[in-house]
Amino acid sequence: MVLLAASICTKTGKPLVSRQFVEMTRSRIEGLLASFPKLIGAGKQHTFVETDSVRYVYQPFDKLYMVLLTTKTSNILEDLETLRLFSRVIPEYCKTVDEKEIFEHAFELLAAFDEIVALGYKENVNLAQIRTYTEMDSHDERVHDAMRQCQEREAKDRMKQRAKELDLLKRTQRTGGTKSYGNSTGISSNMYSSSSTDNKPDLTPTPVSYPTSSASSAIRPSTTGKAMKLGTKGKNVETFVDQLKSEGEIVANNAPVTAGAGGAVTKHKTHSISLPDNAKGDVHLKQEEKLTVRCGRDGGLESLEVHGMIMLRVKSEQYGRILVAIDNKDSRNLQLQTHPNIDKKLFTNESLIGLKNSDRPFPVNQEVGVLKWRYTSADAKEIPLTINCWPNETANGGCDVNIEYELQNTNLVLKDVQITVPLPSGGHTPVIGKIDGDYQFDSRKTSLVWTLPVIDQSNSEGALEFSVRGKSADFFPIQVDFISETAYCDIKVADVKSVDTRKSALYSSESQLIVDKYEYV
């Protein structure tokens, strides 16, 4: 079966949504669909009609048609089965099958169409699998949204702080008798000092400290005439500070950061670590899993999701005609999916990953995803690292907080572990009573970061105790971050073989588990 295109059109042949799966021009598709209503005879009960070049397989809705364009040599039974699947997809996204709903959900429909057909051939999928594949969320999108929200919050906080400083400066000038000369820019009289050699004003900008409790910070007028922009790129998203620098101020960030006994600890989002290029072989396989966990503050698991992928990279075509043997010993219900160009029967029967066309090599110097999987669970025993937080409020308005961690999956070796605990606003420094590992307190972000270089069987349990002013609800959500070279799911690359000889070939591999989002809310 070769499916040329799938379209949703009106009774007059006007295409609303169309997806072509082979090389066809837009005018060719529109011409075929425009002639389609003329070929349907009144009162006919057939669901297909043929011309000299193509076959129309269609299903009428109230005011629309779901039309598949196929070659005349395609299997009509397979065509009808595919048409039924397409027709079942439409109500999944559209409440009513009309033009307005089709236009509003056009991109969702196109994404679903791509899951049904690849390169003109029907994929072996059902409606539930299509729904699962199209609903897979994007890690990059979540990172972008989190960065944007962080930028907006920090910009608002700095604007409020700046407004407080300006208000304090005005009050100090009024009470201290400081006069401002009459110009609209609002430059104070102590902005410039006379030089000992001439009467020219000293244009050296006065340093500004942030935060400040005095009125000694000088304010210079803005000469750029531009409003502060949200969403600009910056390593620490210092939007407000960047604006001050553009206005000519020398800005010193004096927000105190207190480190634990082990020295200064800089908090960074843990990133995946790849092998250097000189350590990678001519055939290199990378296995990566992303873990998303959401738990309640009482310790119950709300959701756990693992997205895994094996990526292949070959350096030249002479190493491209290979088969990758996969060893899957995981007994849990994993959802496995191979790339559309991978031979699915070969993978199902022999657990080998190879191209459908075995005469062709894998792409050269490109990291190609050949196998991906997804696993979800609501069982609390599946949580790799559990966090138990017990805040106890005291009579003097303070709170004694006890936090414990426990490594439930002792097969994992977690590295660069960071447990971030939010603190009440006000910048009060917590008093550390007991800690396994090290910590960092950032008064600007009002957070306490508990860091441990490694968590494994030897230190599968640990605790942190501290006291600070606040209430029990102030210490959530708790964020957890780490990396591991051990996979969460028991899937690994067993061997790489030549297509012709089926003998083992040299290869290199790496595996890593990284945290996408891990929080206790």
# chains A, B, ... in the order shown; residues from 1 in each chain; ligands from 1
call {"tool": "select_by_dssp", "arguments": {"residues": "stretch 335-485 of chain A", "states": "strand (DSSP E)", "output": "VMD selection string"}}
result
chain A and resid 335 to 338 352 to 353 368 to 377 385 to 393 398 to 407 414 to 422 431 to 435 438 to 442 447 to 455 461 to 469 478 to 484
call {"tool": "residues_around", "arguments": {"residues": "A:Asp400", "least_positions_apart": "6", "cutoff": "8 Å", "atoms": "only C-alpha atoms", "output": "VMD selection string"}}
result
chain A and resid 391 to 394 465 to 468
call {"tool": "closest_residue", "arguments": {"among": "A:Gly426, A:Lys471, A:Cys9, A:Ser351", "to": "A:Asn396", "atoms": "only C-alpha atoms"}}
result
A:Lys471
call {"tool": "residues_around", "arguments": {"residues": "A:Val515", "least_positions_apart": "3", "cutoff": "9 Å", "atoms": "only C-alpha atoms", "output": "list in words"}}
result
Thr270, His271, Glu289, Lys290, Leu291, Thr292, Val293, Val480, Asp481, Phe482, Ile483 and Tyr518 of chain A
call {"tool": "atom_distance", "arguments": {"atom1": "atom CA of A:Glu23", "atom2": "atom CA of A:Asn124"}}
result
22.6 Å
call {"tool": "closest_atom_pairs", "arguments": {"of": "stretch 133-157 of chain A", "to": "stretch 93-117 of chain A", "cutoff": "10 Å", "atoms": "only C-alpha atoms", "output": "Markdown table"}}
result
| residue | atom | partner | partner_atom | distance |
| --- | --- | --- | --- | --- |
| A:Tyr133 | CA | A:Glu115 | CA | 7.7 |
| A:Thr134 | CA | A:Ala112 | CA | 6.5 |
| A:Glu135 | CA | A:Glu108 | CA | 9.6 |
call {"tool": "write_last_selection", "arguments": {"atoms": "N, CA, C and O atoms", "output": "PDB file, in the first residue's frame"}}
result
ATOM      1  N   TYR A 133       1.639   8.935  21.849  1.00  0.00           N
ATOM      2  CA  TYR A 133       2.767   9.554  21.153  1.00  0.00           C
ATOM      3  C   TYR A 133       2.570  11.060  20.980  1.00  0.00           C
ATOM      4  O   TYR A 133       3.511  11.849  21.141  1.00  0.00           O
ATOM      5  N   THR A 134       1.364  11.475  20.629  1.00  0.00           N
ATOM      6  CA  THR A 134       1.133  12.902  20.379  1.00  0.00           C
ATOM      7  C   THR A 134       1.089  13.724  21.665  1.00  0.00           C
ATOM      8  O   THR A 134       1.303  14.930  21.626  1.00  0.00           O
ATOM      9  N   GLU A 135       0.809  13.076  22.799  1.00  0.00           N
ATOM     10  CA  GLU A 135       0.749  13.814  24.061  1.00  0.00           C
ATOM     11  C   GLU A 135       2.092  13.891  24.764  1.00  0.00           C
ATOM     12  O   GLU A 135       2.187  14.501  25.829  1.00  0.00           O
TER      13      GLU A 135
END
call {"tool": "select_by_dssp", "arguments": {"residues": "stretch 56-128 of chain A", "states": "helix (DSSP H, G or I)", "output": "mmCIF file with all heavy atoms, in the first residue's frame"}}
result
data_model
loop_
_atom_site.group_PDB
_atom_site.id
_atom_site.type_symbol
_atom_site.label_atom_id
_atom_site.label_comp_id
_atom_site.auth_asym_id
_atom_site.auth_seq_id
_atom_site.Cartn_x
_atom_site.Cartn_y
_atom_site.Cartn_z
ATOM 1 N N ILE A 76 -7.031 -2.568 -1.373
ATOM 2 C CA ILE A 76 -8.218 -1.811 -0.976
ATOM 3 C C ILE A 76 -8.637 -2.142 0.461
ATOM 4 O O ILE A 76 -9.144 -1.288 1.195
ATOM 5 C CB ILE A 76 -9.388 -2.071 -1.955
ATOM 6 C CG1 ILE A 76 -10.587 -1.176 -1.615
ATOM 7 C CG2 ILE A 76 -9.754 -3.540 -1.961
ATOM 8 C CD1 ILE A 76 -10.297 0.290 -1.715
ATOM 9 N N LEU A 77 -8.397 -3.379 0.913
ATOM 10 C CA LEU A 77 -8.757 -3.740 2.289
ATOM 11 C C LEU A 77 -7.886 -2.977 3.293
ATOM 12 O O LEU A 77 -8.378 -2.476 4.305
ATOM 13 C CB LEU A 77 -8.614 -5.253 2.486
ATOM 14 C CG LEU A 77 -9.549 -6.134 1.639
ATOM 15 C CD1 LEU A 77 -9.278 -7.601 1.913
ATOM 16 C CD2 LEU A 77 -11.013 -5.791 1.930
ATOM 17 N N GLU A 78 -6.595 -2.878 3.007
ATOM 18 C CA GLU A 78 -5.720 -2.102 3.876
ATOM 19 C C GLU A 78 -6.081 -0.619 3.825
ATOM 20 O O GLU A 78 -6.013 0.085 4.836
ATOM 21 C CB GLU A 78 -4.265 -2.306 3.480
ATOM 22 C CG GLU A 78 -3.734 -3.704 3.749
ATOM 23 C CD GLU A 78 -2.255 -3.816 3.430
ATOM 24 O OE1 GLU A 78 -1.646 -2.774 3.091
ATOM 25 O OE2 GLU A 78 -1.708 -4.926 3.510
ATOM 26 N N ASP A 79 -6.476 -0.152 2.631
ATOM 27 C CA ASP A 79 -6.888 1.244 2.496
ATOM 28 C C ASP A 79 -8.093 1.543 3.393
ATOM 29 O O ASP A 79 -8.145 2.577 4.077
ATOM 30 C CB ASP A 79 -7.226 1.565 1.041
ATOM 31 C CG ASP A 79 -6.013 1.484 0.139
ATOM 32 O OD1 ASP A 79 -4.893 1.462 0.700
ATOM 33 O OD2 ASP A 79 -6.179 1.444 -1.081
ATOM 34 N N LEU A 80 -9.069 0.658 3.386
ATOM 35 C CA LEU A 80 -10.270 0.875 4.193
ATOM 36 C C LEU A 80 -9.960 0.816 5.691
ATOM 37 O O LEU A 80 -10.528 1.576 6.479
ATOM 38 C CB LEU A 80 -11.329 -0.170 3.825
ATOM 39 C CG LEU A 80 -11.905 -0.067 2.408
ATOM 40 C CD1 LEU A 80 -12.821 -1.248 2.114
ATOM 41 C CD2 LEU A 80 -12.654 1.247 2.217
ATOM 42 N N GLU A 81 -9.058 -0.082 6.070
ATOM 43 C CA GLU A 81 -8.663 -0.153 7.485
ATOM 44 C C GLU A 81 -7.954 1.127 7.910
ATOM 45 O O GLU A 81 -8.196 1.658 8.999
ATOM 46 C CB GLU A 81 -7.755 -1.361 7.701
ATOM 47 C CG GLU A 81 -7.329 -1.528 9.159
ATOM 48 C CD GLU A 81 -6.371 -2.691 9.335
ATOM 49 O OE1 GLU A 81 -6.166 -3.455 8.361
ATOM 50 O OE2 GLU A 81 -5.820 -2.833 10.439
ATOM 51 N N THR A 82 -7.083 1.627 7.052
ATOM 52 C CA THR A 82 -6.389 2.895 7.352
ATOM 53 C C THR A 82 -7.383 4.044 7.423
ATOM 54 O O THR A 82 -7.276 4.932 8.274
ATOM 55 C CB THR A 82 -5.327 3.172 6.277
ATOM 56 O OG1 THR A 82 -4.462 2.054 6.168
ATOM 57 C CG2 THR A 82 -4.515 4.408 6.637
ATOM 58 N N LEU A 83 -8.362 4.059 6.517
ATOM 59 C CA LEU A 83 -9.380 5.118 6.516
ATOM 60 C C LEU A 83 -10.155 5.118 7.834
ATOM 61 O O LEU A 83 -10.435 6.185 8.393
ATOM 62 C CB LEU A 83 -10.328 4.916 5.336
ATOM 63 C CG LEU A 83 -11.510 5.889 5.258
ATOM 64 C CD1 LEU A 83 -11.018 7.308 5.040
ATOM 65 C CD2 LEU A 83 -12.471 5.471 4.145
ATOM 66 N N ARG A 84 -10.496 3.937 8.336
ATOM 67 C CA ARG A 84 -11.227 3.875 9.611
ATOM 68 C C ARG A 84 -10.402 4.461 10.747
ATOM 69 O O ARG A 84 -10.943 5.161 11.616
ATOM 70 C CB ARG A 84 -11.604 2.416 9.915
ATOM 71 C CG ARG A 84 -12.784 1.899 9.120
ATOM 72 C CD ARG A 84 -13.310 0.592 9.692
ATOM 73 N NE ARG A 84 -12.342 -0.486 9.498
ATOM 74 C CZ ARG A 84 -12.307 -1.288 8.441
ATOM 75 N NH1 ARG A 84 -13.189 -1.111 7.467
ATOM 76 N NH2 ARG A 84 -11.422 -2.252 8.349
ATOM 77 N N LEU A 85 -9.085 4.209 10.743
ATOM 78 C CA LEU A 85 -8.227 4.765 11.795
ATOM 79 C C LEU A 85 -8.144 6.289 11.684
ATOM 80 O O LEU A 85 -8.213 7.001 12.694
ATOM 81 C CB LEU A 85 -6.834 4.142 11.712
ATOM 82 C CG LEU A 85 -5.839 4.530 12.821
ATOM 83 C CD1 LEU A 85 -6.419 4.220 14.195
ATOM 84 C CD2 LEU A 85 -4.512 3.796 12.623
ATOM 85 N N PHE A 86 -8.020 6.794 10.457
ATOM 86 C CA PHE A 86 -8.013 8.250 10.265
ATOM 87 C C PHE A 86 -9.327 8.858 10.758
ATOM 88 O O PHE A 86 -9.336 9.918 11.401
ATOM 89 C CB PHE A 86 -7.803 8.591 8.786
ATOM 90 C CG PHE A 86 -6.363 8.707 8.387
ATOM 91 C CD1 PHE A 86 -5.708 7.657 7.775
ATOM 92 C CD2 PHE A 86 -5.651 9.870 8.615
ATOM 93 C CE1 PHE A 86 -4.389 7.754 7.386
ATOM 94 C CE2 PHE A 86 -4.337 9.984 8.231
ATOM 95 C CZ PHE A 86 -3.696 8.915 7.612
ATOM 96 N N SER A 87 -10.438 8.202 10.447
ATOM 97 C CA SER A 87 -11.743 8.745 10.819
ATOM 98 C C SER A 87 -11.944 8.729 12.334
ATOM 99 O O SER A 87 -12.658 9.578 12.881
ATOM 100 C CB SER A 87 -12.849 7.930 10.140
ATOM 101 O OG SER A 87 -12.699 7.972 8.735
ATOM 102 N N ARG A 88 -11.335 7.761 13.018
ATOM 103 C CA ARG A 88 -11.446 7.716 14.484
ATOM 104 C C ARG A 88 -10.566 8.762 15.153
ATOM 105 O O ARG A 88 -10.834 9.175 16.284
ATOM 106 C CB ARG A 88 -11.068 6.323 14.977
ATOM 107 C CG ARG A 88 -12.064 5.241 14.609
ATOM 108 C CD ARG A 88 -11.560 3.881 15.015
ATOM 109 N NE ARG A 88 -11.367 3.803 16.459
ATOM 110 C CZ ARG A 88 -10.695 2.817 17.058
ATOM 111 N NH1 ARG A 88 -10.151 1.848 16.336
ATOM 112 N NH2 ARG A 88 -10.571 2.806 18.371
ATOM 113 N N VAL A 89 -9.517 9.191 14.466
ATOM 114 C CA VAL A 89 -8.612 10.192 15.041
ATOM 115 C C VAL A 89 -9.285 11.558 15.113
ATOM 116 O O VAL A 89 -9.082 12.313 16.076
ATOM 117 C CB VAL A 89 -7.303 10.265 14.222
ATOM 118 C CG1 VAL A 89 -6.552 11.565 14.509
ATOM 119 C CG2 VAL A 89 -6.426 9.074 14.535
ATOM 120 N N ILE A 90 -10.081 11.896 14.109
ATOM 121 C CA ILE A 90 -10.657 13.241 14.039
ATOM 122 C C ILE A 90 -11.498 13.574 15.270
ATOM 123 O O ILE A 90 -11.318 14.635 15.876
ATOM 124 C CB ILE A 90 -11.478 13.395 12.737
ATOM 125 C CG1 ILE A 90 -10.557 13.252 11.528
ATOM 126 C CG2 ILE A 90 -12.191 14.745 12.712
ATOM 127 C CD1 ILE A 90 -11.284 13.256 10.195
ATOM 128 N N PRO A 91 -12.433 12.718 15.731
ATOM 129 C CA PRO A 91 -13.216 13.062 16.929
ATOM 130 C C PRO A 91 -12.379 13.141 18.204
ATOM 131 O O PRO A 91 -12.830 13.713 19.205
ATOM 132 C CB PRO A 91 -14.246 11.925 17.016
ATOM 133 C CG PRO A 91 -14.312 11.333 15.659
ATOM 134 C CD PRO A 91 -12.957 11.481 15.096
ATOM 135 N N GLU A 92 -11.152 12.583 18.185
ATOM 136 C CA GLU A 92 -10.294 12.667 19.359
ATOM 137 C C GLU A 92 -9.873 14.112 19.640
ATOM 138 O O GLU A 92 -9.612 14.484 20.784
ATOM 139 C CB GLU A 92 -9.038 11.802 19.163
ATOM 140 C CG GLU A 92 -9.266 10.325 19.336
ATOM 141 C CD GLU A 92 -9.508 9.951 20.783
ATOM 142 O OE1 GLU A 92 -8.809 10.477 21.663
ATOM 143 O OE2 GLU A 92 -10.418 9.140 21.042
ATOM 144 N N TYR A 93 -9.780 14.924 18.597
ATOM 145 C CA TYR A 93 -9.309 16.297 18.747
ATOM 146 C C TYR A 93 -10.396 17.335 18.477
ATOM 147 O O TYR A 93 -10.253 18.479 18.916
ATOM 148 C CB TYR A 93 -8.121 16.543 17.804
ATOM 149 C CG TYR A 93 -6.946 15.648 18.067
ATOM 150 C CD1 TYR A 93 -6.756 14.476 17.343
ATOM 151 C CD2 TYR A 93 -6.029 15.948 19.069
ATOM 152 C CE1 TYR A 93 -5.674 13.639 17.586
ATOM 153 C CE2 TYR A 93 -4.954 15.119 19.320
ATOM 154 C CZ TYR A 93 -4.779 13.970 18.589
ATOM 155 O OH TYR A 93 -3.715 13.142 18.848
ATOM 156 N N GLU A 99 -15.723 23.022 9.972
ATOM 157 C CA GLU A 99 -14.532 23.754 9.518
ATOM 158 C C GLU A 99 -13.831 24.467 10.666
ATOM 159 O O GLU A 99 -12.595 24.472 10.751
ATOM 160 C CB GLU A 99 -14.933 24.768 8.431
ATOM 161 C CG GLU A 99 -15.353 24.137 7.125
ATOM 162 C CD GLU A 99 -15.478 25.182 6.031
ATOM 163 O OE1 GLU A 99 -14.720 26.167 6.071
ATOM 164 O OE2 GLU A 99 -16.323 25.005 5.133
ATOM 165 N N LYS A 100 -14.585 25.079 11.569
ATOM 166 C CA LYS A 100 -13.976 25.829 12.672
ATOM 167 C C LYS A 100 -13.130 24.925 13.556
ATOM 168 O O LYS A 100 -11.984 25.261 13.897
ATOM 169 C CB LYS A 100 -15.079 26.510 13.496
ATOM 170 C CG LYS A 100 -14.530 27.354 14.640
ATOM 171 C CD LYS A 100 -15.662 28.006 15.417
ATOM 172 C CE LYS A 100 -15.111 28.822 16.585
ATOM 173 N NZ LYS A 100 -16.186 29.445 17.382
ATOM 174 N N GLU A 101 -13.669 23.770 13.929
ATOM 175 C CA GLU A 101 -12.929 22.848 14.790
ATOM 176 C C GLU A 101 -11.709 22.283 14.066
ATOM 177 O O GLU A 101 -10.645 22.098 14.674
ATOM 178 C CB GLU A 101 -13.844 21.708 15.247
ATOM 179 C CG GLU A 101 -14.836 22.091 16.319
ATOM 180 C CD GLU A 101 -14.173 22.299 17.663
ATOM 181 O OE1 GLU A 101 -13.312 21.492 18.042
ATOM 182 O OE2 GLU A 101 -14.502 23.293 18.329
ATOM 183 N N ILE A 102 -11.852 22.003 12.788
ATOM 184 C CA ILE A 102 -10.713 21.466 12.017
ATOM 185 C C ILE A 102 -9.575 22.474 11.976
ATOM 186 O O ILE A 102 -8.403 22.131 12.174
ATOM 187 C CB ILE A 102 -11.161 21.090 10.587
ATOM 188 C CG1 ILE A 102 -12.187 19.946 10.631
ATOM 189 C CG2 ILE A 102 -9.956 20.683 9.741
ATOM 190 C CD1 ILE A 102 -11.666 18.655 11.191
ATOM 191 N N PHE A 103 -9.904 23.749 11.742
ATOM 192 C CA PHE A 103 -8.864 24.777 11.691
ATOM 193 C C PHE A 103 -8.206 24.969 13.057
ATOM 194 O O PHE A 103 -6.991 25.168 13.153
ATOM 195 C CB PHE A 103 -9.455 26.113 11.209
ATOM 196 C CG PHE A 103 -9.719 26.147 9.727
ATOM 197 C CD1 PHE A 103 -10.885 26.700 9.219
ATOM 198 C CD2 PHE A 103 -8.801 25.627 8.834
ATOM 199 C CE1 PHE A 103 -11.130 26.720 7.854
ATOM 200 C CE2 PHE A 103 -9.026 25.647 7.466
ATOM 201 C CZ PHE A 103 -10.193 26.193 6.979
ATOM 202 N N GLU A 104 -8.988 24.920 14.136
ATOM 203 C CA GLU A 104 -8.429 25.135 15.473
ATOM 204 C C GLU A 104 -7.492 24.006 15.894
ATOM 205 O O GLU A 104 -6.562 24.230 16.661
ATOM 206 C CB GLU A 104 -9.564 25.265 16.494
ATOM 207 C CG GLU A 104 -10.334 26.579 16.403
ATOM 208 C CD GLU A 104 -11.400 26.685 17.477
ATOM 209 O OE1 GLU A 104 -11.583 25.710 18.231
ATOM 210 O OE2 GLU A 104 -12.056 27.747 17.551
ATOM 211 N N ALA A 106 -5.766 21.924 13.694
ATOM 212 C CA ALA A 106 -5.093 21.442 12.480
ATOM 213 C C ALA A 106 -3.744 20.804 12.801
ATOM 214 O O ALA A 106 -3.414 19.729 12.279
ATOM 215 C CB ALA A 106 -4.908 22.610 11.497
ATOM 216 N N PHE A 107 -2.961 21.434 13.669
ATOM 217 C CA PHE A 107 -1.623 20.908 13.945
ATOM 218 C C PHE A 107 -1.689 19.591 14.718
ATOM 219 O O PHE A 107 -0.876 18.693 14.500
ATOM 220 C CB PHE A 107 -0.801 21.941 14.707
ATOM 221 C CG PHE A 107 -0.420 23.132 13.888
ATOM 222 C CD1 PHE A 107 -1.066 24.342 14.046
ATOM 223 C CD2 PHE A 107 0.580 23.034 12.933
ATOM 224 C CE1 PHE A 107 -0.726 25.444 13.280
ATOM 225 C CE2 PHE A 107 0.934 24.124 12.160
ATOM 226 C CZ PHE A 107 0.272 25.327 12.326
ATOM 227 N N GLU A 108 -2.666 19.473 15.637
ATOM 228 C CA GLU A 108 -2.818 18.201 16.352
ATOM 229 C C GLU A 108 -3.202 17.082 15.386
ATOM 230 O O GLU A 108 -2.710 15.951 15.489
ATOM 231 C CB GLU A 108 -3.874 18.330 17.450
ATOM 232 C CG GLU A 108 -3.467 19.215 18.622
ATOM 233 C CD GLU A 108 -3.878 20.655 18.420
ATOM 234 O OE1 GLU A 108 -4.090 21.041 17.251
ATOM 235 O OE2 GLU A 108 -3.986 21.387 19.413
ATOM 236 N N LEU A 109 -4.076 17.397 14.432
ATOM 237 C CA LEU A 109 -4.482 16.389 13.456
ATOM 238 C C LEU A 109 -3.305 15.971 12.570
ATOM 239 O O LEU A 109 -3.118 14.781 12.287
ATOM 240 C CB LEU A 109 -5.624 16.934 12.595
ATOM 241 C CG LEU A 109 -6.974 17.112 13.303
ATOM 242 C CD1 LEU A 109 -7.936 17.879 12.412
ATOM 243 C CD2 LEU A 109 -7.568 15.762 13.686
ATOM 244 N N LEU A 110 -2.513 16.940 12.131
ATOM 245 C CA LEU A 110 -1.358 16.611 11.283
ATOM 246 C C LEU A 110 -0.359 15.746 12.028
ATOM 247 O O LEU A 110 0.225 14.813 11.467
ATOM 248 C CB LEU A 110 -0.695 17.899 10.795
ATOM 249 C CG LEU A 110 -1.494 18.726 9.777
ATOM 250 C CD1 LEU A 110 -0.774 20.023 9.466
ATOM 251 C CD2 LEU A 110 -1.718 17.929 8.500
ATOM 252 N N ALA A 111 -0.134 16.048 13.323
ATOM 253 C CA ALA A 111 0.777 15.225 14.122
ATOM 254 C C ALA A 111 0.260 13.800 14.254
ATOM 255 O O ALA A 111 1.027 12.835 14.183
ATOM 256 C CB ALA A 111 0.971 15.852 15.503
ATOM 257 N N ALA A 112 -1.056 13.657 14.420
ATOM 258 C CA ALA A 112 -1.646 12.316 14.498
ATOM 259 C C ALA A 112 -1.544 11.597 13.156
ATOM 260 O O ALA A 112 -1.278 10.386 13.104
ATOM 261 C CB ALA A 112 -3.099 12.419 14.951
ATOM 262 N N PHE A 113 -1.742 12.324 12.057
ATOM 263 C CA PHE A 113 -1.610 11.714 10.733
ATOM 264 C C PHE A 113 -0.198 11.162 10.528
ATOM 265 O O PHE A 113 -0.016 10.083 9.946
ATOM 266 C CB PHE A 113 -1.915 12.737 9.642
ATOM 267 C CG PHE A 113 -3.384 13.095 9.531
ATOM 268 C CD1 PHE A 113 -4.326 12.511 10.366
ATOM 269 C CD2 PHE A 113 -3.833 14.029 8.600
ATOM 270 C CE1 PHE A 113 -5.671 12.834 10.273
ATOM 271 C CE2 PHE A 113 -5.167 14.355 8.502
ATOM 272 C CZ PHE A 113 -6.093 13.763 9.339
ATOM 273 N N ASP A 114 0.814 11.909 11.001
ATOM 274 C CA ASP A 114 2.198 11.457 10.841
ATOM 275 C C ASP A 114 2.487 10.192 11.643
ATOM 276 O O ASP A 114 3.399 9.431 11.288
ATOM 277 C CB ASP A 114 3.161 12.571 11.273
ATOM 278 C CG ASP A 114 3.230 13.693 10.263
ATOM 279 O OD1 ASP A 114 2.819 13.462 9.113
ATOM 280 O OD2 ASP A 114 3.692 14.794 10.613
ATOM 281 N N GLU A 115 1.764 9.993 12.732
ATOM 282 C CA GLU A 115 1.952 8.763 13.504
ATOM 283 C C GLU A 115 1.315 7.562 12.814
ATOM 284 O O GLU A 115 1.737 6.426 13.032
ATOM 285 C CB GLU A 115 1.351 8.919 14.913
ATOM 286 C CG GLU A 115 2.013 9.976 15.771
ATOM 287 C CD GLU A 115 3.447 9.638 16.106
ATOM 288 O OE1 GLU A 115 3.808 8.448 16.057
ATOM 289 O OE2 GLU A 115 4.226 10.566 16.395
ATOM 290 N N ILE A 116 0.308 7.800 11.969
ATOM 291 C CA ILE A 116 -0.378 6.694 11.291
ATOM 292 C C ILE A 116 0.399 6.238 10.062
ATOM 293 O O ILE A 116 0.524 5.039 9.805
ATOM 294 C CB ILE A 116 -1.813 7.128 10.895
ATOM 295 C CG1 ILE A 116 -2.621 7.509 12.146
ATOM 296 C CG2 ILE A 116 -2.522 6.017 10.133
ATOM 297 C CD1 ILE A 116 -3.991 8.061 11.834
ATOM 298 N N LEU A 127 -5.260 3.499 18.121
ATOM 299 C CA LEU A 127 -5.670 4.826 18.560
ATOM 300 C C LEU A 127 -5.044 5.190 19.905
ATOM 301 O O LEU A 127 -4.623 6.340 20.104
ATOM 302 C CB LEU A 127 -7.197 4.881 18.652
ATOM 303 C CG LEU A 127 -7.803 6.268 18.908
ATOM 304 C CD1 LEU A 127 -7.451 7.216 17.774
ATOM 305 C CD2 LEU A 127 -9.312 6.165 19.051
ATOM 306 N N ALA A 128 -4.931 4.241 20.808
ATOM 307 C CA ALA A 128 -4.338 4.526 22.117
ATOM 308 C C ALA A 128 -2.863 4.894 21.985
ATOM 309 O O ALA A 128 -2.369 5.817 22.666
ATOM 310 C CB ALA A 128 -4.496 3.321 23.039
#
call {"tool": "residues_around", "arguments": {"residues": "A:Met136", "least_positions_apart": "3", "cutoff": "10 Å", "atoms": "only C-alpha atoms", "output": "list of chain:residue names"}}
result
A:Arg131, A:Thr132, A:Tyr133, A:His139, A:His307, A:Arg374
